[in-house]
$ cat query.cif   # mmCIF, C-alpha atoms and all ligand atoms
data_protein
#
loop_
_atom_site.label_atom_id
_atom_site.label_comp_id
_atom_site.auth_asym_id
_atom_site.auth_seq_id
_atom_site.Cartn_x
_atom_site.Cartn_y
_atom_site.Cartn_z
CA MET A 12 20.03 14.45 8.83
CA GLU A 13 20.11 15.36 5.17
CA LYS A 14 17.10 14.48 3.07
CA ILE A 15 17.24 11.40 0.85
CA LYS A 16 16.94 12.48 -2.75
CA SER A 17 18.74 9.84 -4.76
CA LEU A 18 19.83 6.22 -4.67
CA ALA A 19 23.30 7.50 -3.73
CA ASP A 20 21.82 9.20 -0.64
CA LEU A 21 19.98 5.99 0.15
CA LYS A 22 23.24 4.07 -0.14
CA LYS A 23 24.91 6.35 2.42
CA ARG A 24 22.12 5.76 4.90
CA GLN A 25 22.16 2.06 4.15
CA GLU A 26 25.82 1.96 5.15
CA SER A 27 25.23 3.70 8.45
CA LEU A 28 22.26 1.41 9.12
CA LYS A 29 24.34 -1.63 8.39
CA SER A 30 27.07 -0.63 10.81
CA LYS A 31 24.53 -0.03 13.56
CA ILE A 32 22.50 -3.19 13.42
CA ASP A 33 22.61 -6.42 11.59
CA LEU A 34 19.28 -6.57 9.84
CA ARG A 35 20.22 -9.34 7.49
CA ASP A 36 17.67 -12.09 7.04
CA ARG A 37 15.68 -10.88 9.99
CA ALA A 38 12.53 -11.33 7.96
CA ASN A 39 13.27 -15.04 7.77
CA ASP A 40 13.13 -15.47 11.51
CA PRO A 41 9.58 -14.67 12.53
CA GLU A 42 10.37 -15.04 16.24
CA SER A 43 12.96 -12.27 16.21
CA HIS A 44 10.54 -9.38 15.88
CA ILE A 45 6.96 -8.22 16.24
CA GLN A 46 4.79 -8.75 13.18
CA VAL A 47 1.79 -6.56 12.50
CA LYS A 48 -0.59 -7.03 9.61
CA VAL A 49 -2.99 -4.31 8.56
CA SER A 50 -6.05 -5.32 6.56
CA MET A 51 -6.08 -3.38 3.29
CA SER A 52 -9.37 -4.34 1.72
CA THR A 53 -11.40 -1.62 0.06
CA CYS A 54 -13.35 -1.14 3.29
CA GLY A 55 -10.18 -1.10 5.37
CA ILE A 56 -8.62 1.53 3.12
CA ALA A 57 -11.78 3.64 3.14
CA SER A 58 -11.83 3.49 6.95
CA GLY A 59 -8.28 4.79 7.33
CA ALA A 60 -6.09 1.67 7.30
CA LYS A 61 -3.30 3.49 5.47
CA HIS A 62 -3.01 6.11 8.19
CA THR A 63 -3.10 3.42 10.86
CA MET A 64 -0.26 1.60 9.13
CA GLU A 65 1.82 4.77 8.94
CA ILE A 66 1.34 5.51 12.63
CA LEU A 67 2.35 1.97 13.54
CA ILE A 68 5.56 2.22 11.48
CA GLN A 69 6.42 5.65 12.90
CA GLU A 70 5.78 4.61 16.48
CA PHE A 71 7.69 1.32 16.30
CA ASN A 72 10.56 3.23 14.74
CA ARG A 73 10.44 5.96 17.37
CA HIS A 74 10.44 3.42 20.19
CA LYS A 75 13.24 1.49 18.44
CA ILE A 76 11.17 -1.68 18.55
CA ASP A 77 12.08 -4.32 16.02
CA ALA A 78 8.85 -4.74 14.05
CA ILE A 79 7.64 -5.51 10.58
CA VAL A 80 4.35 -3.88 9.62
CA THR A 81 2.75 -5.13 6.42
CA GLN A 82 -0.51 -4.96 4.55
CA THR A 83 -2.63 -7.98 4.05
CA GLY A 84 -5.85 -8.63 2.16
CA CYS A 85 -9.30 -8.57 3.67
CA MET A 86 -9.46 -10.30 7.06
CA GLY A 87 -13.24 -10.51 6.88
CA PHE A 88 -14.04 -7.98 9.60
CA CYS A 89 -15.46 -5.20 7.44
CA PHE A 90 -17.57 -3.95 10.36
CA ALA A 91 -14.48 -3.31 12.50
CA GLU A 92 -12.05 -1.64 10.11
CA PRO A 93 -9.29 -0.70 10.37
CA THR A 94 -8.39 -4.17 11.62
CA ILE A 95 -4.89 -5.29 12.53
CA GLU A 96 -3.25 -8.52 13.67
CA VAL A 97 -0.41 -8.27 16.16
CA LYS A 98 1.97 -11.17 16.72
CA LYS A 99 4.56 -10.79 19.45
CA PRO A 100 7.43 -13.29 19.51
CA GLY A 101 6.33 -16.41 21.36
CA ALA A 102 2.71 -15.28 21.66
CA GLU A 103 -0.46 -16.11 19.77
CA PRO A 104 -1.54 -13.52 17.20
CA ILE A 105 -4.24 -11.12 18.41
CA ILE A 106 -6.69 -9.29 16.17
CA PHE A 107 -7.78 -5.77 17.10
CA GLY A 108 -10.67 -3.89 15.50
CA TYR A 109 -11.39 -0.18 15.01
CA VAL A 110 -7.69 0.68 15.15
CA ASN A 111 -7.47 4.41 14.55
CA GLU A 112 -4.38 6.47 15.38
CA GLU A 113 -5.15 6.64 19.09
CA LYS A 114 -5.82 2.92 19.35
CA ALA A 115 -2.65 2.08 17.40
CA ILE A 116 -0.55 4.08 19.87
CA GLU A 117 -2.36 2.51 22.81
CA ILE A 118 -1.72 -0.99 21.44
CA ILE A 119 2.02 -0.29 21.11
CA GLU A 120 2.41 1.44 24.46
CA LYS A 121 0.25 -0.93 26.49
CA TYR A 122 0.18 -4.32 24.80
CA VAL A 123 3.47 -4.39 22.91
CA ILE A 124 5.71 -2.63 25.41
CA ASN A 125 4.06 -3.42 28.75
CA ASP A 126 2.14 -6.59 27.99
CA VAL A 127 -1.10 -5.10 29.27
CA LEU A 128 -4.16 -6.06 27.26
CA VAL A 129 -6.27 -3.32 25.73
CA GLU A 130 -9.89 -3.27 24.60
CA GLY A 131 -10.91 -3.94 21.03
CA ILE A 132 -9.78 -7.53 20.61
CA ILE A 133 -11.77 -9.57 18.14
CA PRO A 134 -12.09 -13.06 19.62
CA ALA A 135 -10.19 -15.75 17.73
CA ASN A 136 -13.34 -17.86 17.45
CA TYR A 137 -15.30 -15.06 15.77
CA GLN A 138 -16.77 -16.39 12.54
CA SER A 139 -16.29 -14.12 9.57
CA ILE A 140 -18.91 -14.61 6.83
CA ASP A 141 -16.25 -16.55 4.98
CA ASN A 142 -16.42 -19.59 7.23
CA LYS A 143 -19.91 -19.34 8.63
CA MET B 17 -11.98 7.10 -1.49
CA LYS B 18 -10.76 10.49 -0.45
CA ASP B 19 -7.75 10.59 -2.75
CA LEU B 20 -6.05 8.76 -5.61
CA SER B 21 -3.33 7.27 -3.39
CA LEU B 22 -6.01 5.19 -1.67
CA HIS B 23 -7.33 3.90 -5.01
CA ILE B 24 -3.77 2.96 -5.90
CA ILE B 25 -3.32 0.83 -2.78
CA ASP B 26 -6.67 -0.78 -3.53
CA ILE B 27 -5.84 -1.66 -7.14
CA PHE B 28 -2.37 -2.92 -6.10
CA GLN B 29 -4.10 -5.14 -3.57
CA ASN B 30 -6.11 -6.77 -6.38
CA SER B 31 -2.86 -7.51 -8.22
CA VAL B 32 -1.34 -8.99 -5.08
CA SER B 33 -4.43 -11.18 -4.61
CA ALA B 34 -3.98 -12.28 -8.23
CA LYS B 35 -0.48 -13.51 -7.28
CA ALA B 36 1.38 -11.03 -9.45
CA THR B 37 5.19 -11.04 -9.15
CA LYS B 38 5.51 -7.77 -11.00
CA ILE B 39 3.25 -4.76 -10.52
CA GLU B 40 3.64 -1.57 -12.48
CA LEU B 41 2.04 1.83 -12.19
CA VAL B 42 2.61 4.66 -14.65
CA ILE B 43 1.11 8.06 -13.89
CA ILE B 44 1.16 10.63 -16.64
CA GLU B 45 0.18 14.23 -16.02
CA ASN B 46 -0.20 16.38 -19.10
CA THR B 47 -1.18 19.89 -18.15
CA GLU B 48 -1.50 21.12 -21.69
CA ARG B 49 -4.03 18.42 -22.52
CA ASP B 50 -5.55 18.76 -19.05
CA GLU B 51 -5.16 15.02 -18.52
CA LEU B 52 -4.16 12.77 -15.67
CA ARG B 53 -3.69 9.14 -16.62
CA MET B 54 -2.91 6.11 -14.49
CA GLN B 55 -1.93 2.81 -16.03
CA PHE B 56 -1.71 -0.31 -13.86
CA LYS B 57 -0.18 -3.53 -15.14
CA ASP B 58 0.35 -6.85 -13.42
CA ASN B 59 1.41 -10.34 -14.36
CA GLY B 60 -1.07 -12.08 -12.07
CA ILE B 61 -3.52 -14.88 -12.85
CA GLY B 62 -5.71 -12.63 -14.98
CA MET B 63 -9.41 -12.99 -15.74
CA ASN B 64 -11.49 -14.53 -18.48
CA THR B 65 -13.70 -12.44 -20.76
CA GLU B 66 -16.81 -12.92 -18.67
CA MET B 67 -15.05 -11.77 -15.51
CA VAL B 68 -13.54 -8.74 -17.21
CA ASN B 69 -16.96 -7.75 -18.50
CA ASN B 70 -18.45 -8.05 -15.04
CA VAL B 71 -15.75 -6.46 -13.02
CA THR B 72 -16.84 -2.86 -13.54
CA ASN B 73 -20.33 -3.66 -12.24
CA ALA B 74 -20.43 -3.09 -8.54
CA PHE B 75 -21.34 -6.28 -6.78
CA TYR B 76 -19.11 -8.51 -8.83
CA THR B 77 -16.49 -10.23 -6.73
CA THR B 78 -14.72 -13.56 -6.34
CA ARG B 79 -13.94 -12.75 -2.75
CA THR B 80 -15.67 -14.89 -0.17
CA THR B 81 -15.51 -12.55 2.81
CA ARG B 82 -18.05 -10.09 1.45
CA LYS B 83 -20.72 -10.23 -1.21
CA VAL B 84 -19.74 -7.17 -3.20
CA GLY B 85 -16.61 -5.99 -4.97
CA LEU B 86 -16.21 -2.25 -4.77
CA GLY B 87 -12.65 -1.32 -5.62
CA ILE B 88 -12.84 -1.19 -9.41
CA PRO B 89 -16.37 0.30 -9.75
CA LEU B 90 -15.39 3.11 -7.36
CA LEU B 91 -12.30 4.03 -9.37
CA LYS B 92 -14.24 3.91 -12.64
CA ARG B 93 -16.98 6.13 -11.25
CA ASN B 94 -14.53 8.68 -9.88
CA ALA B 95 -12.77 8.95 -13.26
CA GLU B 96 -16.07 9.31 -15.10
CA LEU B 97 -17.22 12.04 -12.71
CA THR B 98 -14.44 14.22 -14.13
CA GLY B 99 -15.35 13.45 -17.72
CA GLY B 100 -12.58 10.85 -17.91
CA ASP B 101 -12.76 7.17 -18.70
CA PHE B 102 -11.75 3.73 -17.52
CA SER B 103 -10.78 0.54 -19.31
CA ILE B 104 -9.62 -2.87 -18.20
CA THR B 105 -8.13 -5.71 -20.23
CA SER B 106 -7.03 -9.06 -18.92
CA GLU B 107 -5.89 -12.44 -20.06
CA LEU B 108 -5.92 -15.64 -18.05
CA GLY B 109 -2.42 -16.64 -17.08
CA VAL B 110 -0.92 -13.45 -18.49
CA GLY B 111 -2.11 -10.54 -16.41
CA THR B 112 -4.30 -7.50 -16.15
CA GLU B 113 -4.05 -3.92 -17.30
CA ILE B 114 -6.14 -0.97 -16.18
CA ASN B 115 -6.16 2.45 -17.79
CA VAL B 116 -7.87 5.38 -16.11
CA ARG B 117 -8.07 8.93 -17.35
CA PHE B 118 -9.18 11.98 -15.37
CA LYS B 119 -9.67 15.56 -16.45
CA HIS B 120 -6.79 17.11 -14.52
CA SER B 121 -8.41 20.42 -13.59
CA HIS B 122 -11.91 19.09 -12.93
CA ILE B 123 -13.35 20.15 -9.62
CA ASP B 124 -14.32 16.55 -8.81
CA ARG B 125 -10.88 15.16 -9.60
CA GLN B 126 -9.57 13.74 -6.35
CA PRO B 127 -6.14 15.00 -5.24
CA PHE B 128 -3.23 12.57 -5.39
CA GLY B 129 -2.86 12.46 -1.63
CA ASP B 130 0.16 10.63 -0.31
CA LEU B 131 1.51 8.85 -3.39
CA ALA B 132 4.87 8.05 -1.79
CA GLY B 133 3.16 6.38 1.15
CA ALA B 134 0.85 4.34 -1.08
CA ILE B 135 3.75 3.00 -3.13
CA VAL B 136 6.12 2.35 -0.24
CA LEU B 137 3.59 0.80 2.13
CA THR B 138 2.50 -1.66 -0.55
CA ALA B 139 5.90 -2.41 -2.04
CA THR B 140 7.50 -3.13 1.32
CA SER B 141 4.57 -5.35 2.32
CA TYR B 142 5.29 -7.77 -0.52
CA PRO B 143 9.08 -7.94 -0.80
CA LYS B 144 9.02 -10.80 -3.31
CA THR B 145 6.99 -8.76 -5.77
CA ARG B 146 8.74 -6.26 -7.98
CA PHE B 147 7.07 -2.83 -7.94
CA VAL B 148 7.81 -0.28 -10.62
CA TYR B 149 6.31 3.19 -10.35
CA LYS B 150 6.87 5.77 -13.01
CA HIS B 151 5.55 9.32 -12.74
CA GLN B 152 5.71 11.71 -15.66
CA LYS B 153 4.71 15.30 -15.43
CA ASP B 154 4.94 17.56 -18.47
CA GLY B 155 8.08 15.91 -19.76
CA MET B 156 9.76 15.35 -16.38
CA GLU B 157 9.99 11.85 -15.01
CA TYR B 158 10.74 9.89 -11.86
CA ILE B 159 11.08 6.10 -11.69
CA PHE B 160 10.98 3.99 -8.54
CA ASP B 161 11.88 0.33 -8.96
CA THR B 162 12.19 -2.08 -6.03
CA ASP B 163 14.80 -4.12 -7.91
CA GLU B 164 17.10 -1.08 -7.85
CA ILE B 165 16.26 -0.37 -4.22
CA ASN B 166 17.04 -3.92 -3.13
CA GLU B 167 20.37 -3.72 -4.87
CA VAL B 168 21.26 -0.61 -2.90
CA LEU B 169 19.99 -2.14 0.34
CA ASP B 170 22.36 -5.03 -0.25
CA GLY B 171 20.86 -7.50 2.19
CA ILE B 172 19.17 -5.11 4.60
CA SER B 173 15.47 -5.93 4.73
CA ILE B 174 13.27 -3.54 2.76
CA GLN B 175 10.72 -4.17 5.53
CA SER B 176 12.65 -2.62 8.40
CA THR B 177 10.87 0.50 9.61
CA ASP B 178 14.04 2.56 9.05
CA VAL B 179 14.03 1.58 5.37
CA VAL B 180 10.29 2.14 4.92
CA LEU B 181 10.64 5.70 6.23
CA MET B 182 13.71 6.34 4.06
CA LEU B 183 11.97 5.17 0.90
CA LYS B 184 9.04 7.40 1.59
CA GLU B 185 11.41 10.33 1.89
CA LEU B 186 13.14 9.31 -1.36
CA ILE B 187 9.92 9.25 -3.38
CA ASP B 188 8.54 12.39 -1.75
CA SER B 189 11.59 14.46 -2.57
CA ASN B 190 11.66 13.21 -6.17
CA LEU B 191 7.96 13.94 -6.72
CA GLU B 192 8.56 17.39 -5.33
CA GLU B 193 11.42 17.76 -7.79
CA ILE B 194 9.11 17.11 -10.76
CA ARG B 195 6.49 19.35 -9.15
CA VAL B 196 3.79 16.80 -8.43
CA LYS B 197 1.09 18.34 -6.26
CA LYS B 198 -0.35 16.31 -3.41
N1 LIG C 1 -5.55 -7.42 -11.19
C1 LIG C 1 -6.47 -8.41 -11.14
N2 LIG C 1 -6.15 -9.66 -11.56
C2 LIG C 1 -7.07 -10.67 -11.52
N3 LIG C 1 -8.34 -10.51 -11.08
C3 LIG C 1 -8.72 -9.29 -10.65
C4 LIG C 1 -7.83 -8.18 -10.68
N4 LIG C 1 -8.48 -7.09 -10.22
C5 LIG C 1 -9.73 -7.50 -9.92
N5 LIG C 1 -9.89 -8.82 -10.16
C6 LIG C 1 -11.13 -9.61 -9.99
O1 LIG C 1 -12.22 -8.71 -9.97
C7 LIG C 1 -12.96 -8.82 -8.76
C8 LIG C 1 -13.51 -7.47 -8.36
O2 LIG C 1 -12.47 -6.57 -7.97
P1 LIG C 1 -12.80 -5.34 -7.03
O3 LIG C 1 -11.52 -4.69 -6.64
O4 LIG C 1 -13.82 -4.48 -7.68
O5 LIG C 1 -13.48 -6.00 -5.76
P2 LIG C 1 -12.81 -7.01 -4.73
O6 LIG C 1 -11.32 -6.91 -4.77
O7 LIG C 1 -13.40 -8.34 -4.97
O8 LIG C 1 -13.33 -6.47 -3.35
P3 LIG C 1 -12.96 -5.06 -2.71
O9 LIG C 1 -14.26 -4.35 -2.57
O10 LIG C 1 -12.28 -5.32 -1.41
O11 LIG C 1 -12.03 -4.36 -3.65
C9 LIG C 1 -11.98 -9.45 -7.77
O12 LIG C 1 -12.65 -10.17 -6.78
C10 LIG C 1 -11.14 -10.34 -8.67
O13 LIG C 1 -11.77 -11.58 -8.89
MG MG C 2 -10.34 -4.99 -4.77
#
$ encode --input "query.cif" --output "structure tokens"
Amino acid sequence: MEKIKSLADLKKRQESLKSKIDLRDRANDPESHIQVKVSMSTCGIASGAKHTMEILIQEFNRHKIDAIVTQTGCMGFCFAEPTIEVKKPGAEPIIFGYVNEEKAIEIIEKYVINDVLVEGIIPANYQSIDNK
Amino acid sequence: MKDLSLHIIDIFQNSVSAKATKIELVIIENTERDELRMQFKDNGIGMNTEMVNNVTNAFYTTRTTRKVGLGIPLLKRNAELTGGDFSITSELGVGTEINVRFKHSHIDRQPFGDLAGAIVLTATSYPKTRFVYKHQKDGMEYIFDTDEINEVLDGISIQSTDVVLMLKELIDSNLEEIRVKK
């Protein structure tokens, strides 16, 4: 496909996207897609959270999985950065620590696609120093 | 931080935490003057004089999840290492502005890194906030404005992974056009 260089190019792609899938207001229905939040505190960023976020977006896109990947502030797990929270439709959110590129791919291929749990989950009852 | 794009995400994150609805970044590269400037502006909750005075000291933070604030002191130090400078002004209820200057050719000046990624990953994370990014290099200019993007998207979510990847491509090709070096 031709490279996007201008808003006019973006418009062309937008039109082909629109005809393929109806993405309207999807963001307003949290149960329609997977939601992933990547902690972007200073320590998260310094530990590679940006790269992790990029891999997640690329991989969800490649697998054609409907997902929204966003940044969020500090989750309070500075010792386990990069940290991400994954929320599948109808399931409780799960927090994973030390999510480098490899781990991100493993989480998508095992947990998201095949519903198999992977290591690295931070227990929900873990007390961050915030609420100790 | 290994490059400037990571500082940018970090400073944006402060503006987001301060509930800004508009976040602006202007980068100006002037080769002749051997200068690289970054100007951040937000319309968030702002800070009082005491906070502004403290914020460049490491260890000042209002966050509760950790005892030290590192983002701003790190950026200031990295600018000063190149013989540049850093300033911050803020007003409660109005917003905050940060100006950083680096010596462009200094050996310790961090590379830009992935500017397009930093802008797009943050802007698409907070779709209700307007992000404006302007990059000038020796008289050439590129402007990215999420208001314009949303108009073009015409109802398609800026958060869909297809759109995120497209926007990154858009910014990358325009920065290449004005000869910004990663
Ligand atoms: N744009 C802003 N608007 C309002 N307050 C801000 C802004 N930027 C920084 N602050 C205040 O200054 C403090 C220090 O910021 P700094 O980025 O150095 O550390 P931090 O965000 O607290 O922690 P981190 O190390 O994760 O960055 C913040 O906690 C916040 O209270
Ligand atoms: Mg910060």
$ closest_atom_pairs --input "query.cif" --of "chain B" --to "ligand MG 2 (chain C)" --cutoff "9 Å" --atoms "all atoms listed in the file" --output "CSV"
residue,atom,partner,partner_atom,distance
B:Asp26,CA,C:MG2,MG,5.7
B:Ile27,CA,C:MG2,MG,6.1
B:Phe28,CA,C:MG2,MG,8.3
B:Gln29,CA,C:MG2,MG,6.4
B:Asn30,CA,C:MG2,MG,4.9
B:Ser31,CA,C:MG2,MG,8.6
B:Ser33,CA,C:MG2,MG,8.6
B:Thr77,CA,C:MG2,MG,8.3
B:Arg79,CA,C:MG2,MG,8.8
B:Gly85,CA,C:MG2,MG,6.4
B:Leu86,CA,C:MG2,MG,6.5
B:Gly87,CA,C:MG2,MG,4.4
B:Ile88,CA,C:MG2,MG,6.5
$ residues_around --input "query.cif" --residues "Ile124 in chain A" --least-positions-apart "6" --cutoff "12 Å" --atoms "only C-alpha atoms" --output "list of chain:residue names"
A:Ile45, A:Glu70, A:Phe71, A:His74, A:Lys75, A:Ile76, A:Asp77, A:Ala78, A:Lys99, A:Ile116, A:Glu117, A:Ile118
$ interface_residues --input "query.cif" --of "chain A" --to "chain B" --cutoff "9 Å" --atoms "all atoms listed in the file" --output "tab-separated table (two decimals) with C-alpha atoms, in the frame of the given file"
chain	number	residue	atom	x	y	z
A	14	LYS	CA	17.10	14.48	3.07
A	15	ILE	CA	17.24	11.40	0.85
A	16	LYS	CA	16.94	12.48	-2.75
A	17	SER	CA	18.74	9.84	-4.76
A	18	LEU	CA	19.83	6.22	-4.67
A	19	ALA	CA	23.30	7.50	-3.73
A	20	ASP	CA	21.82	9.20	-0.64
A	21	LEU	CA	19.98	5.99	0.15
A	22	LYS	CA	23.24	4.07	-0.14
A	24	ARG	CA	22.12	5.76	4.90
A	25	GLN	CA	22.16	2.06	4.15
A	26	GLU	CA	25.82	1.96	5.15
A	28	LEU	CA	22.26	1.41	9.12
A	29	LYS	CA	24.34	-1.63	8.39
A	33	ASP	CA	22.61	-6.42	11.59
A	34	LEU	CA	19.28	-6.57	9.84
A	35	ARG	CA	20.22	-9.34	7.49
A	36	ASP	CA	17.67	-12.09	7.04
A	37	ARG	CA	15.68	-10.88	9.99
A	38	ALA	CA	12.53	-11.33	7.96
A	51	MET	CA	-6.08	-3.38	3.29
A	52	SER	CA	-9.37	-4.34	1.72
A	53	THR	CA	-11.40	-1.62	0.06
A	54	CYS	CA	-13.35	-1.14	3.29
A	56	ILE	CA	-8.62	1.53	3.12
A	57	ALA	CA	-11.78	3.64	3.14
A	61	LYS	CA	-3.30	3.49	5.47
A	64	MET	CA	-0.26	1.60	9.13
A	65	GLU	CA	1.82	4.77	8.94
A	68	ILE	CA	5.56	2.22	11.48
A	69	GLN	CA	6.42	5.65	12.90
A	71	PHE	CA	7.69	1.32	16.30
A	72	ASN	CA	10.56	3.23	14.74
A	77	ASP	CA	12.08	-4.32	16.02
A	78	ALA	CA	8.85	-4.74	14.05
A	79	ILE	CA	7.64	-5.51	10.58
A	80	VAL	CA	4.35	-3.88	9.62
A	81	THR	CA	2.75	-5.13	6.42
A	82	GLN	CA	-0.51	-4.96	4.55
A	83	THR	CA	-2.63	-7.98	4.05
A	84	GLY	CA	-5.85	-8.63	2.16
A	85	CYS	CA	-9.30	-8.57	3.67
A	86	MET	CA	-9.46	-10.30	7.06
A	87	GLY	CA	-13.24	-10.51	6.88
A	88	PHE	CA	-14.04	-7.98	9.60
A	89	CYS	CA	-15.46	-5.20	7.44
A	139	SER	CA	-16.29	-14.12	9.57
A	140	ILE	CA	-18.91	-14.61	6.83
A	141	ASP	CA	-16.25	-16.55	4.98
A	142	ASN	CA	-16.42	-19.59	7.23
$ residues_around --input "query.cif" --residues "Val42 in chain B" --least-positions-apart "3" --cutoff "8 Å" --atoms "all atoms listed in the file" --output "ChimeraX atom specification"
/B:53-56,149-152
$ atom_distance --input "query.cif" --atom1 "CA of Val71 in chain B" --atom2 "CA of Gly111 in chain B"
14.6 Å
$ atom_distance --input "query.cif" --atom1 "CA of His122 in chain B" --atom2 "CA of Asn94 in chain B"
11.2 Å
$ residues_around --input "query.cif" --residues "Lys92 in chain B" --least-positions-apart "4" --cutoff "8 Å" --atoms "only C-alpha atoms" --output "ChimeraX atom specification"
/B:72,88,96,101-102,116
$ atom_distance --input "query.cif" --atom1 "CA of Ile61 in chain B" --atom2 "atom N4 of ligand LIG 1 (chain C)"
9.6 Å
$ residues_around --input "query.cif" --residues "Ser106 in chain B" --least-positions-apart "3" --cutoff "9 Å" --atoms "all atoms listed in the file" --output "PyMOL selection string"
chain B and resi 62-65+68+110-114
$ closest_residue --input "query.cif" --among "A:Lys114, A:Ser30, A:Gly55, A:Val123" --to "ligand LIG 1 (chain C)" --atoms "only C-alpha atoms and all ligand atoms"
A:Gly55
$ closest_residue --input "query.cif" --among "B:Arg49, B:Lys38, B:Lys57, B:Arg117" --to "ligand LIG 1 (chain C)" --atoms "only C-alpha atoms and all ligand atoms"
B:Lys57
